[in-house]
Amino acid sequence: MKFVFALHAKIDWGAIGKLKGQTDIELDDSGRQQAQELAKKVSKLDITLVVSSDLKRARQTAEIINNTLHVPLYLEKGLRECSFGRLEGLTKQQVLQKNSELSGYWGEDCQDYDFTAFGGENHDQVLARHLKILQKYSKSNPHEIVLIVGHSRGLSTLLANLKYSPQIKREEYIEVKYIC
């Protein structure tokens, strides 16, 4: 089974450093352009199915890409970004001013974080949701090449668990062979 992972395109909150989490925000104009550029790149990969987080920024990215691919598109709540609970909408700097104990949660490897004290999620919860989606689509579509459109912390957590680099950037994709 082969998956292709891609991040949703740019949104306004990202430019000002606000924690998005599961707050449902649309792409901005440059994000729509990014999604079109990503569509050109992944169009060469023989993708047969697109699966996206149901949050607007990922869904809109997937829809723009699928305007090029013309394959089935499914939305999955399980691919949502990590919930930061009450911290969503704040910048990392604002969070750390009041919660210095969270300073280790912003590392790039996404191996240790826990936002449950703020009504959010922890690493294991995010990983479990994402793995469930991979298992679902690898069992029902074992010979497909599936594009997964998601979010930075969620996909980084998943990639690290699968022993891939958790570094994923906008307008890029990572191909992953997955055995359920």
# chains A, B, ... in the order shown; residues from 1 in each chain; ligands from 1
call {"tool": "residues_around", "arguments": {"residues": "segment 76-79 of chain A", "least_positions_apart": "2", "cutoff": "8 Å", "atoms": "only C-alpha atoms", "output": "compact mmCIF listing (two decimals) with C-alpha atoms, in the first residue's frame"}}
result
# COMPACT_ATOMS: atom_id res chain seq x y z
CA VAL A 51 -8.56 11.28 1.62
CA SER A 52 -8.60 14.55 3.53
CA SER A 53 -9.28 15.98 6.94
CA ASP A 54 -12.76 17.45 7.00
CA LEU A 55 -11.50 20.83 8.27
CA TYR A 74 -13.27 11.21 1.00
CA GLU A 81 -5.19 18.43 13.45
CA ARG A 129 -6.79 8.61 15.02
CA HIS A 130 -4.34 8.85 12.16
CA LYS A 132 -6.97 4.15 12.22
CA ILE A 133 -7.41 6.02 8.92
CA GLY A 150 -3.80 16.70 6.59
CA HIS A 151 -2.21 18.99 9.12
CA GLY A 154 -1.01 15.27 12.94
call {"tool": "residues_around", "arguments": {"residues": "segment 156-169 of chain A", "least_positions_apart": "5", "cutoff": "12 Å", "atoms": "only C-alpha atoms", "output": "VMD selection string"}}
result
chain A and resid 3 to 10 34 38 79 81 to 82 105 to 113 122 to 134 148 to 151 174 to 180
call {"tool": "select_by_dssp", "arguments": {"residues": "segment 40-154 of chain A", "states": "alpha helix (DSSP H)", "output": "number ranges by chain"}}
result
A: 40-42, 56-69, 92-98, 123-140, 152-154
call {"tool": "write_last_selection", "arguments": {"atoms": "C-alpha atoms", "output": "PDB file, in the first residue's frame"}}
result
ATOM      1  CA  LYS A  40       0.746  19.797 -10.536  1.00  0.00           C
ATOM      2  CA  LYS A  41       3.387  17.944  -8.532  1.00  0.00           C
ATOM      3  CA  VAL A  42       1.211  15.051  -7.376  1.00  0.00           C
ATOM      4  CA  LYS A  56     -11.930  23.571   5.644  1.00  0.00           C
ATOM      5  CA  ARG A  57      -8.246  24.285   5.046  1.00  0.00           C
ATOM      6  CA  ALA A  58      -7.458  20.642   4.282  1.00  0.00           C
ATOM      7  CA  ARG A  59     -10.733  19.973   2.462  1.00  0.00           C
ATOM      8  CA  GLN A  60     -10.246  22.997   0.200  1.00  0.00           C
ATOM      9  CA  THR A  61      -6.656  21.930  -0.520  1.00  0.00           C
ATOM     10  CA  ALA A  62      -7.852  18.424  -1.407  1.00  0.00           C
ATOM     11  CA  GLU A  63     -10.659  19.758  -3.608  1.00  0.00           C
ATOM     12  CA  ILE A  64      -8.258  21.998  -5.538  1.00  0.00           C
ATOM     13  CA  ILE A  65      -5.862  19.085  -6.035  1.00  0.00           C
ATOM     14  CA  ASN A  66      -8.717  16.832  -7.068  1.00  0.00           C
ATOM     15  CA  ASN A  67      -9.775  19.308  -9.754  1.00  0.00           C
ATOM     16  CA  THR A  68      -6.616  18.050 -11.472  1.00  0.00           C
ATOM     17  CA  LEU A  69      -6.719  14.376 -10.409  1.00  0.00           C
ATOM     18  CA  LYS A  92       2.981  30.050  20.719  1.00  0.00           C
ATOM     19  CA  GLN A  93       4.581  33.054  22.410  1.00  0.00           C
ATOM     20  CA  GLN A  94       1.318  33.904  24.202  1.00  0.00           C
ATOM     21  CA  VAL A  95       0.940  30.277  25.306  1.00  0.00           C
ATOM     22  CA  LEU A  96       4.503  30.037  26.612  1.00  0.00           C
ATOM     23  CA  GLN A  97       4.248  33.308  28.555  1.00  0.00           C
ATOM     24  CA  LYS A  98       1.655  31.665  30.818  1.00  0.00           C
ATOM     25  CA  HIS A 123       0.330  12.534  21.228  1.00  0.00           C
ATOM     26  CA  ASP A 124      -1.213   9.085  21.638  1.00  0.00           C
ATOM     27  CA  GLN A 125      -4.729  10.274  20.837  1.00  0.00           C
ATOM     28  CA  VAL A 126      -3.614  12.047  17.665  1.00  0.00           C
ATOM     29  CA  LEU A 127      -1.527   9.065  16.550  1.00  0.00           C
ATOM     30  CA  ALA A 128      -4.360   6.590  17.171  1.00  0.00           C
ATOM     31  CA  ARG A 129      -6.792   8.610  15.022  1.00  0.00           C
ATOM     32  CA  HIS A 130      -4.344   8.847  12.157  1.00  0.00           C
ATOM     33  CA  LEU A 131      -3.304   5.179  12.278  1.00  0.00           C
ATOM     34  CA  LYS A 132      -6.968   4.146  12.221  1.00  0.00           C
ATOM     35  CA  ILE A 133      -7.413   6.021   8.922  1.00  0.00           C
ATOM     36  CA  LEU A 134      -4.329   4.366   7.376  1.00  0.00           C
ATOM     37  CA  GLN A 135      -5.579   0.946   8.428  1.00  0.00           C
ATOM     38  CA  LYS A 136      -9.058   1.627   7.069  1.00  0.00           C
ATOM     39  CA  TYR A 137      -7.851   2.645   3.617  1.00  0.00           C
ATOM     40  CA  SER A 138      -5.047   0.107   3.349  1.00  0.00           C
ATOM     41  CA  LYS A 139      -7.488  -2.736   4.029  1.00  0.00           C
ATOM     42  CA  SER A 140     -10.200  -1.505   1.682  1.00  0.00           C
ATOM     43  CA  SER A 152       1.323  19.580  10.337  1.00  0.00           C
ATOM     44  CA  ARG A 153       1.280  18.151  13.875  1.00  0.00           C
ATOM     45  CA  GLY A 154      -1.013  15.273  12.936  1.00  0.00           C
TER      46      GLY A 154
END
call {"tool": "residues_around", "arguments": {"residues": "Leu87 of chain A", "least_positions_apart": "2", "cutoff": "10 Å", "atoms": "only C-alpha atoms", "output": "VMD selection string"}}
result
chain A and resid 18 to 21 83 to 85 89 to 92 94 to 95 115 118 to 120
call {"tool": "write_last_selection", "arguments": {"atoms": "C-alpha atoms", "output": "compact mmCIF listing (two decimals), in the first residue's frame"}}
result
# COMPACT_ATOMS: atom_id res chain seq x y z
CA LYS A 18 -1.66 31.44 15.78
CA LEU A 19 -2.35 27.88 16.90
CA LYS A 20 -4.99 26.54 14.56
CA GLY A 21 -5.71 23.08 15.91
CA SER A 83 -6.74 19.81 19.29
CA PHE A 84 -5.03 22.45 21.39
CA GLY A 85 -8.26 23.11 23.31
CA GLY A 89 -6.21 31.15 18.45
CA LEU A 90 -3.24 32.13 20.61
CA THR A 91 0.33 32.41 19.36
CA LYS A 92 2.98 30.05 20.72
CA GLN A 94 1.32 33.90 24.20
CA VAL A 95 0.94 30.28 25.31
CA PHE A 115 -2.66 19.49 25.63
CA PHE A 118 -6.37 22.73 28.17
CA GLY A 119 -9.19 20.60 26.75
CA GLY A 120 -7.07 19.38 23.85
call {"tool": "atom_distance", "arguments": {"atom1": "atom CA of Asp28 of chain A", "atom2": "atom CA of Leu155 of chain A"}}
result
21.1 Å
call {"tool": "select_by_dssp", "arguments": {"residues": "segment 15-177 of chain A", "states": "strand (DSSP E or B)", "output": "PyMOL selection string"}}
result
chain A and resi 18+49-53+73-76+91+114+122+145-150+173-177
call {"tool": "write_last_selection", "arguments": {"atoms": "N, CA and C atoms", "output": "compact mmCIF listing (two decimals), in the first residue's frame"}}
result
# COMPACT_ATOMS: atom_id res chain seq x y z
N LYS A 18 -0.62 31.91 14.85
CA LYS A 18 -1.66 31.44 15.78
C LYS A 18 -1.80 29.93 15.71
N LEU A 49 -6.97 7.83 -5.27
CA LEU A 49 -7.94 8.17 -4.23
C LEU A 49 -7.37 9.31 -3.39
N VAL A 50 -8.22 10.27 -2.99
CA VAL A 50 -7.80 11.35 -2.11
C VAL A 50 -8.62 11.25 -0.83
N VAL A 51 -7.91 11.30 0.31
CA VAL A 51 -8.56 11.28 1.62
C VAL A 51 -8.05 12.51 2.36
N SER A 52 -8.97 13.29 2.90
CA SER A 52 -8.60 14.55 3.53
C SER A 52 -9.28 14.72 4.88
N SER A 53 -8.62 15.48 5.73
CA SER A 53 -9.28 15.98 6.94
C SER A 53 -10.52 16.74 6.50
N LEU A 73 -12.88 11.32 -3.69
CA LEU A 73 -12.39 12.14 -2.57
C LEU A 73 -13.25 11.84 -1.35
N TYR A 74 -12.58 11.51 -0.24
CA TYR A 74 -13.27 11.21 1.00
C TYR A 74 -12.77 12.14 2.10
N LEU A 75 -13.70 12.57 2.96
CA LEU A 75 -13.35 13.43 4.09
C LEU A 75 -13.39 12.59 5.36
N GLU A 76 -12.38 12.76 6.20
CA GLU A 76 -12.27 11.97 7.43
C GLU A 76 -11.99 12.88 8.62
N THR A 91 -0.98 32.71 19.96
CA THR A 91 0.33 32.41 19.36
C THR A 91 1.11 31.54 20.34
N ASP A 114 1.17 17.03 25.16
CA ASP A 114 -0.07 16.72 25.87
C ASP A 114 -0.80 18.03 26.17
N ASN A 122 -3.52 14.66 23.34
CA ASN A 122 -2.12 14.33 23.51
C ASN A 122 -1.61 13.53 22.31
N ILE A 145 -3.00 4.03 -4.71
CA ILE A 145 -2.08 5.06 -4.23
C ILE A 145 -2.97 6.18 -3.70
N VAL A 146 -2.92 6.38 -2.39
CA VAL A 146 -3.86 7.26 -1.72
C VAL A 146 -3.15 8.54 -1.26
N LEU A 147 -3.68 9.68 -1.68
CA LEU A 147 -3.20 10.96 -1.21
C LEU A 147 -3.93 11.31 0.08
N ILE A 148 -3.17 11.57 1.13
CA ILE A 148 -3.72 11.99 2.41
C ILE A 148 -3.39 13.48 2.59
N VAL A 149 -4.43 14.30 2.74
CA VAL A 149 -4.23 15.73 2.97
C VAL A 149 -4.59 16.01 4.43
N GLY A 150 -3.59 16.49 5.16
CA GLY A 150 -3.80 16.70 6.59
C GLY A 150 -3.12 17.94 7.11
N TYR A 173 5.35 16.83 -0.76
CA TYR A 173 4.64 15.62 -0.36
C TYR A 173 5.68 14.58 0.03
N ILE A 174 5.21 13.58 0.78
CA ILE A 174 6.07 12.48 1.19
C ILE A 174 5.37 11.18 0.82
N GLU A 175 6.08 10.32 0.10
CA GLU A 175 5.53 9.02 -0.28
C GLU A 175 5.92 8.00 0.80
N VAL A 176 4.93 7.19 1.21
CA VAL A 176 5.13 6.23 2.29
C VAL A 176 4.55 4.88 1.90
N LYS A 177 5.37 3.84 2.03
CA LYS A 177 4.86 2.49 1.86
C LYS A 177 4.40 2.03 3.23
call {"tool": "atom_distance", "arguments": {"atom1": "atom CA of Asp12 of chain A", "atom2": "atom CA of Ser30 of chain A"}}
result
9.2 Å
